[in-house]
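First the structure, in the form of structure tokens, and then the observations on it.
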Amino acid sequence: MGILARVTSDQRHPGAARVSNPVRTLAGVGMTPDLAMTLSAVWAAFRYLSQTTAVLPWHVKKDGKSGPEIQSSHGVNYLLWKRPSKEWSSFQFRETLMHWALRWGNGYAEIEPDQLRRPFALWPIHPERVTVCRAIEPAEDAYGTVIEAGDLYYEIDQRGTTEGGRTILAAANMFHVRGFGEGPVGVNVISYAAQSLGWARAAQLFGAAFFGNGMNPAGVVINKKPLKPDGLKRQKAEFDQLYKGPNNAHRTAFLDNDADWKPIGFNAVNSQLIEVHQFLIEEQCRWTGAPPHKVMHLLRATFTNIESQGIEVVVDSISPWVKRFEDEAEFKLFGQNRQKLYTKIDMRGLMRGDMAARIAYYKGMSSVGAYSPNRILELEDENTLGPEGDIHTMQGQNVTLKQIAEGKVAAAPGATPAPAESDGTEPVTPPEVGEDEATQARIARRLYAIEQMMGEPTHV
């Protein structure tokens, strides 16, 4: 019934646009995914989002006895973190797919299998070459993978070949990062934002033309004596040569033939050119999902809110894209027998440039006994301290109410412990730490390492 519903109710091409991109916007300019990149705010937003997602560590993991363990010898781990193919690095692969998903709503990469049907390489395919379709009847793709009726498959345009035609790939052989939208295909953001971005491009061109024409108001030359066509042509050419362009701004005009100059335009202040550009930066950020301060628009950023804005970047801008990559990789790259394997993009990589944040994070994790010194050094790509660095410590003394009631520990400094009921046996006293010189030396070295890392003395 599920397949029947897909075949009879869903459209043949699920990626068909519901909003057409006008050839020419109401602002008088065209807008395409490529033209959108000529806007500085769009360029900065796409660059920030794609590069930030691409730079984070991405590994294959499996839960072990002591927690998640990186499967460094797994073939998929090499594809994700090192080299998806011989022509693409991990960073370039993710940056490109993310960039395409932002501009066209979808990022595609062909999954090349080996002889055992395991992922061997990932090859990015430009979105303009791909058409997403739904099968009406069973078929096979270029690798022989069966496409059942109702399943998605991908038609890839064979650009640059003499044969023409298209290559068919089953969904299992296509790594597809979907952007925001509905259904199995992300929507083209530029189509929806065409009018808004067209306004920004029109303002950009207007500003360039305004300064290119010498920052002077537009006007007309009124000749009190009539001129022949050749005279008018010569007068216009001489006027442009002498006064047009920023280098000739504010020069004195000399008019012959008893002519007058009458300004009919307006200046940048009256047109609020700068204010319009500032507003349009925020308008472009709404479409791209990047916060204004990450595209160098710090008009409303202060020392008090910049930290909160940094947190919002992780939660609202980066995390959704990280989840999209993780979900697609887990479903497409492990097959049916995934053996409890999964992929994880480490968001802690965003703290690399913030020393204070890393120190506070490590200090908190070590003070509650979660991180050992060796664990901290591993996260910082530093050499470990040896076996003694694996010891977990805690700051302060955390005890239960039961221990206080039984009189094994004092409730507070100077307080008298309540007498414990005797059951004929001696109370068990925890062994003292540092009973011999070797243990004391190990603790001293560990404390010194933590002090050097955290920047302040640590007490146990």
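Ordering of the structure tokens sets the chain letters (A, B, ...), residue numbers begin anew at 1 in every chain, and ligands are numbered from 1 in the order given.
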
Run DSSP on the backbone and tell me which residues of range 130-242 of chain A come out as helix (DSSP H, G or I); list them as number ranges by chain. A: 171-173, 189-192, 194-212, 229-242

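Going from CA of Val76 in chain A over to CA of Arg47 in chain A, you cover 26.2 Å.
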
Considering only C-alpha atoms, return as a PyMOL selection string whatever protein or nucleic-acid residues lie within 12 Å of Gln336 in chain A, sequence-local ones (same chain, fewer than 5 positions apart) excluded. chain A and resi 117-118+172+330-331+341

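One finds CA of Gly389 in chain A at 11.8 Å from CA of Ser366 in chain A.
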
Skipping near chain neighbours, those fewer than 6 positions away, what residues fall within 9 Å of Gly105 in chain A using only C-alpha atoms, listed as a PyMOL selection string? chain A and resi 127+177-181+185-190

Written selection (all heavy atoms) as a PDB file, in the first residue's frame:
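Written out: out13.pdb:
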```pdb
ATOM      1  N   PRO A 127      24.490  20.056  -9.026  1.00  0.00           N
ATOM      2  CA  PRO A 127      23.022  19.922  -8.961  1.00  0.00           C
ATOM      3  C   PRO A 127      22.315  20.191 -10.277  1.00  0.00           C
ATOM      4  O   PRO A 127      21.236  19.631 -10.524  1.00  0.00           O
ATOM      5  CB  PRO A 127      22.626  20.953  -7.895  1.00  0.00           C
ATOM      6  CG  PRO A 127      23.837  21.123  -7.057  1.00  0.00           C
ATOM      7  CD  PRO A 127      25.005  20.956  -7.990  1.00  0.00           C
ATOM      8  N   VAL A 177      22.602  15.332   0.121  1.00  0.00           N
ATOM      9  CA  VAL A 177      22.409  16.242   1.249  1.00  0.00           C
ATOM     10  C   VAL A 177      21.279  17.195   0.888  1.00  0.00           C
ATOM     11  O   VAL A 177      21.437  18.056   0.017  1.00  0.00           O
ATOM     12  CB  VAL A 177      23.698  17.031   1.567  1.00  0.00           C
ATOM     13  CG1 VAL A 177      23.463  17.989   2.726  1.00  0.00           C
ATOM     14  CG2 VAL A 177      24.830  16.075   1.906  1.00  0.00           C
ATOM     15  N   ARG A 178      20.139  17.048   1.523  1.00  0.00           N
ATOM     16  CA  ARG A 178      18.969  17.874   1.237  1.00  0.00           C
ATOM     17  C   ARG A 178      18.995  19.124   2.100  1.00  0.00           C
ATOM     18  O   ARG A 178      19.225  19.056   3.306  1.00  0.00           O
ATOM     19  CB  ARG A 178      17.679  17.100   1.510  1.00  0.00           C
ATOM     20  CG  ARG A 178      17.507  15.841   0.687  1.00  0.00           C
ATOM     21  CD  ARG A 178      16.299  15.056   1.186  1.00  0.00           C
ATOM     22  NE  ARG A 178      16.016  13.883   0.376  1.00  0.00           N
ATOM     23  CZ  ARG A 178      16.590  12.695   0.531  1.00  0.00           C
ATOM     24  NH1 ARG A 178      17.496  12.542   1.485  1.00  0.00           N
ATOM     25  NH2 ARG A 178      16.262  11.678  -0.242  1.00  0.00           N
ATOM     26  N   GLY A 179      18.716  20.238   1.488  1.00  0.00           N
ATOM     27  CA  GLY A 179      18.572  21.471   2.243  1.00  0.00           C
ATOM     28  C   GLY A 179      17.170  21.603   2.795  1.00  0.00           C
ATOM     29  O   GLY A 179      16.380  20.650   2.814  1.00  0.00           O
ATOM     30  N   PHE A 180      16.828  22.783   3.246  1.00  0.00           N
ATOM     31  CA  PHE A 180      15.503  23.035   3.788  1.00  0.00           C
ATOM     32  C   PHE A 180      14.452  22.865   2.694  1.00  0.00           C
ATOM     33  O   PHE A 180      14.663  23.225   1.549  1.00  0.00           O
ATOM     34  CB  PHE A 180      15.434  24.465   4.346  1.00  0.00           C
ATOM     35  CG  PHE A 180      14.064  24.886   4.803  1.00  0.00           C
ATOM     36  CD1 PHE A 180      13.569  24.466   6.011  1.00  0.00           C
ATOM     37  CD2 PHE A 180      13.270  25.686   3.996  1.00  0.00           C
ATOM     38  CE1 PHE A 180      12.306  24.853   6.437  1.00  0.00           C
ATOM     39  CE2 PHE A 180      12.011  26.082   4.397  1.00  0.00           C
ATOM     40  CZ  PHE A 180      11.533  25.656   5.629  1.00  0.00           C
ATOM     41  N   GLY A 181      13.328  22.287   3.062  1.00  0.00           N
ATOM     42  CA  GLY A 181      12.271  22.123   2.077  1.00  0.00           C
ATOM     43  C   GLY A 181      11.268  21.087   2.523  1.00  0.00           C
ATOM     44  O   GLY A 181      11.157  20.760   3.701  1.00  0.00           O
ATOM     45  N   VAL A 185      13.280  16.229  -1.748  1.00  0.00           N
ATOM     46  CA  VAL A 185      14.202  17.142  -2.432  1.00  0.00           C
ATOM     47  C   VAL A 185      14.132  18.512  -1.779  1.00  0.00           C
ATOM     48  O   VAL A 185      13.044  19.028  -1.499  1.00  0.00           O
ATOM     49  CB  VAL A 185      13.858  17.256  -3.937  1.00  0.00           C
ATOM     50  CG1 VAL A 185      14.885  18.127  -4.655  1.00  0.00           C
ATOM     51  CG2 VAL A 185      13.782  15.875  -4.576  1.00  0.00           C
ATOM     52  N   GLY A 186      15.298  19.100  -1.507  1.00  0.00           N
ATOM     53  CA  GLY A 186      15.337  20.440  -0.944  1.00  0.00           C
ATOM     54  C   GLY A 186      14.944  21.489  -1.960  1.00  0.00           C
ATOM     55  O   GLY A 186      15.131  21.303  -3.169  1.00  0.00           O
ATOM     56  N   VAL A 187      14.397  22.585  -1.488  1.00  0.00           N
ATOM     57  CA  VAL A 187      13.953  23.640  -2.400  1.00  0.00           C
ATOM     58  C   VAL A 187      15.127  24.541  -2.780  1.00  0.00           C
ATOM     59  O   VAL A 187      16.096  24.677  -2.029  1.00  0.00           O
ATOM     60  CB  VAL A 187      12.833  24.492  -1.762  1.00  0.00           C
ATOM     61  CG1 VAL A 187      11.631  23.641  -1.429  1.00  0.00           C
ATOM     62  CG2 VAL A 187      13.334  25.206  -0.509  1.00  0.00           C
ATOM     63  N   ASN A 188      15.032  25.126  -3.943  1.00  0.00           N
ATOM     64  CA  ASN A 188      16.040  26.069  -4.424  1.00  0.00           C
ATOM     65  C   ASN A 188      15.831  27.405  -3.714  1.00  0.00           C
ATOM     66  O   ASN A 188      14.865  28.125  -3.967  1.00  0.00           O
ATOM     67  CB  ASN A 188      15.914  26.236  -5.941  1.00  0.00           C
ATOM     68  CG  ASN A 188      17.066  27.021  -6.530  1.00  0.00           C
ATOM     69  OD1 ASN A 188      17.528  27.998  -5.951  1.00  0.00           O
ATOM     70  ND2 ASN A 188      17.546  26.585  -7.687  1.00  0.00           N
ATOM     71  N   VAL A 189      16.739  27.726  -2.815  1.00  0.00           N
ATOM     72  CA  VAL A 189      16.591  28.925  -1.996  1.00  0.00           C
ATOM     73  C   VAL A 189      16.603  30.181  -2.860  1.00  0.00           C
ATOM     74  O   VAL A 189      15.866  31.137  -2.601  1.00  0.00           O
ATOM     75  CB  VAL A 189      17.707  28.985  -0.933  1.00  0.00           C
ATOM     76  CG1 VAL A 189      17.577  30.246  -0.084  1.00  0.00           C
ATOM     77  CG2 VAL A 189      17.668  27.755  -0.044  1.00  0.00           C
ATOM     78  N   ILE A 190      17.426  30.187  -3.892  1.00  0.00           N
ATOM     79  CA  ILE A 190      17.561  31.384  -4.721  1.00  0.00           C
ATOM     80  C   ILE A 190      16.251  31.682  -5.438  1.00  0.00           C
ATOM     81  O   ILE A 190      15.897  32.849  -5.654  1.00  0.00           O
ATOM     82  CB  ILE A 190      18.710  31.209  -5.723  1.00  0.00           C
ATOM     83  CG1 ILE A 190      20.005  30.851  -4.982  1.00  0.00           C
ATOM     84  CG2 ILE A 190      18.906  32.480  -6.525  1.00  0.00           C
ATOM     85  CD1 ILE A 190      20.414  31.852  -3.927  1.00  0.00           C
TER      86      ILE A 190
END
```

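Counting only C-alpha atoms and comparing A:Tyr361, A:Phe93, A:Trp58, A:Trp43, the residue that lies closest to Ser72 in chain A is A:Trp58.
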
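Residue nearest Arg324 in chain A within the list A:Ala290, A:Leu35, A:Ala200, A:Ile345: A:Ile345 [criterion: smallest interatomic distance, only C-alpha atoms].
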
Give me the residues within 7 Å of Gly198 in chain A as number ranges by chain, counting only C-alpha atoms and dropping any in the same chain fewer than 2 places off. A: 25, 27, 29-31, 194-196, 200-202

Please provide the set of residues having any atom within 9 Å of Lys332 in chain A, restricted to only C-alpha atoms, with same-chain residues fewer than 6 positions apart removed, written as a ChimeraX atom specification. /A:111,119,171-175

Resulting file, chosen residues, C-alpha atoms, as a compact mmCIF listing (two decimals), in the first residue's frame:
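Full text of selection-v7.txt as output:
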```
# COMPACT_ATOMS: atom_id res chain seq x y z
CA ILE A 111 28.81 6.56 -4.28
CA PRO A 119 31.67 2.38 -0.71
CA ALA A 171 19.12 6.21 -4.35
CA ALA A 172 21.46 3.73 -2.64
CA ASN A 173 24.30 4.92 -4.90
CA MET A 174 23.74 8.65 -4.42
CA PHE A 175 24.91 10.65 -1.40
```

Neighbour list for range 137-149 of chain A as JSON, numbers by chain, cut-off 6 Å, only C-alpha atoms, skip fewer than 2 positions in-chain: {"A": [135, 151, 168, 169, 170]}

Next, write the just-selected residues to a file, as a compact mmCIF listing (two decimals), in the first residue's frame, keeping N, CA and C atoms as the atom set.
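Writing done, so here's selection_32.txt:
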```txt
# COMPACT_ATOMS: atom_id res chain seq x y z
N ALA A 135 10.33 6.08 -9.56
CA ALA A 135 10.14 5.01 -10.52
C ALA A 135 8.67 4.59 -10.60
N ASP A 151 10.38 3.79 -5.79
CA ASP A 151 11.63 4.26 -5.22
C ASP A 151 12.13 5.50 -5.95
N ILE A 168 21.56 6.64 -15.04
CA ILE A 168 20.60 6.39 -13.96
C ILE A 168 21.35 5.87 -12.75
N LEU A 169 21.08 6.47 -11.58
CA LEU A 169 21.65 5.99 -10.32
C LEU A 169 20.52 5.75 -9.33
N ALA A 170 20.57 4.61 -8.67
CA ALA A 170 19.60 4.33 -7.61
C ALA A 170 19.91 5.20 -6.40
```

Just list the residues in range 4-106 of chain A DSSP gives strand (DSSP E) on the backbone, as a list in words. Trp58, His59, Val60, Lys61, Lys62, Asp63, Gly64, Gly67, Pro68, Glu69, Ile70 and Asn106 of chain A

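Taking only C-alpha atoms into account, Arg94 in chain A lies nearest to A:Glu326 out of the set A:Asp316, A:Asp230, A:Glu282, A:Glu326.
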
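Shortest separation to Thr53 in chain A among A:Ala405, A:Ala209, A:Leu97, A:Ile391 occurs at residue A:Leu97, atoms counted being only C-alpha atoms.
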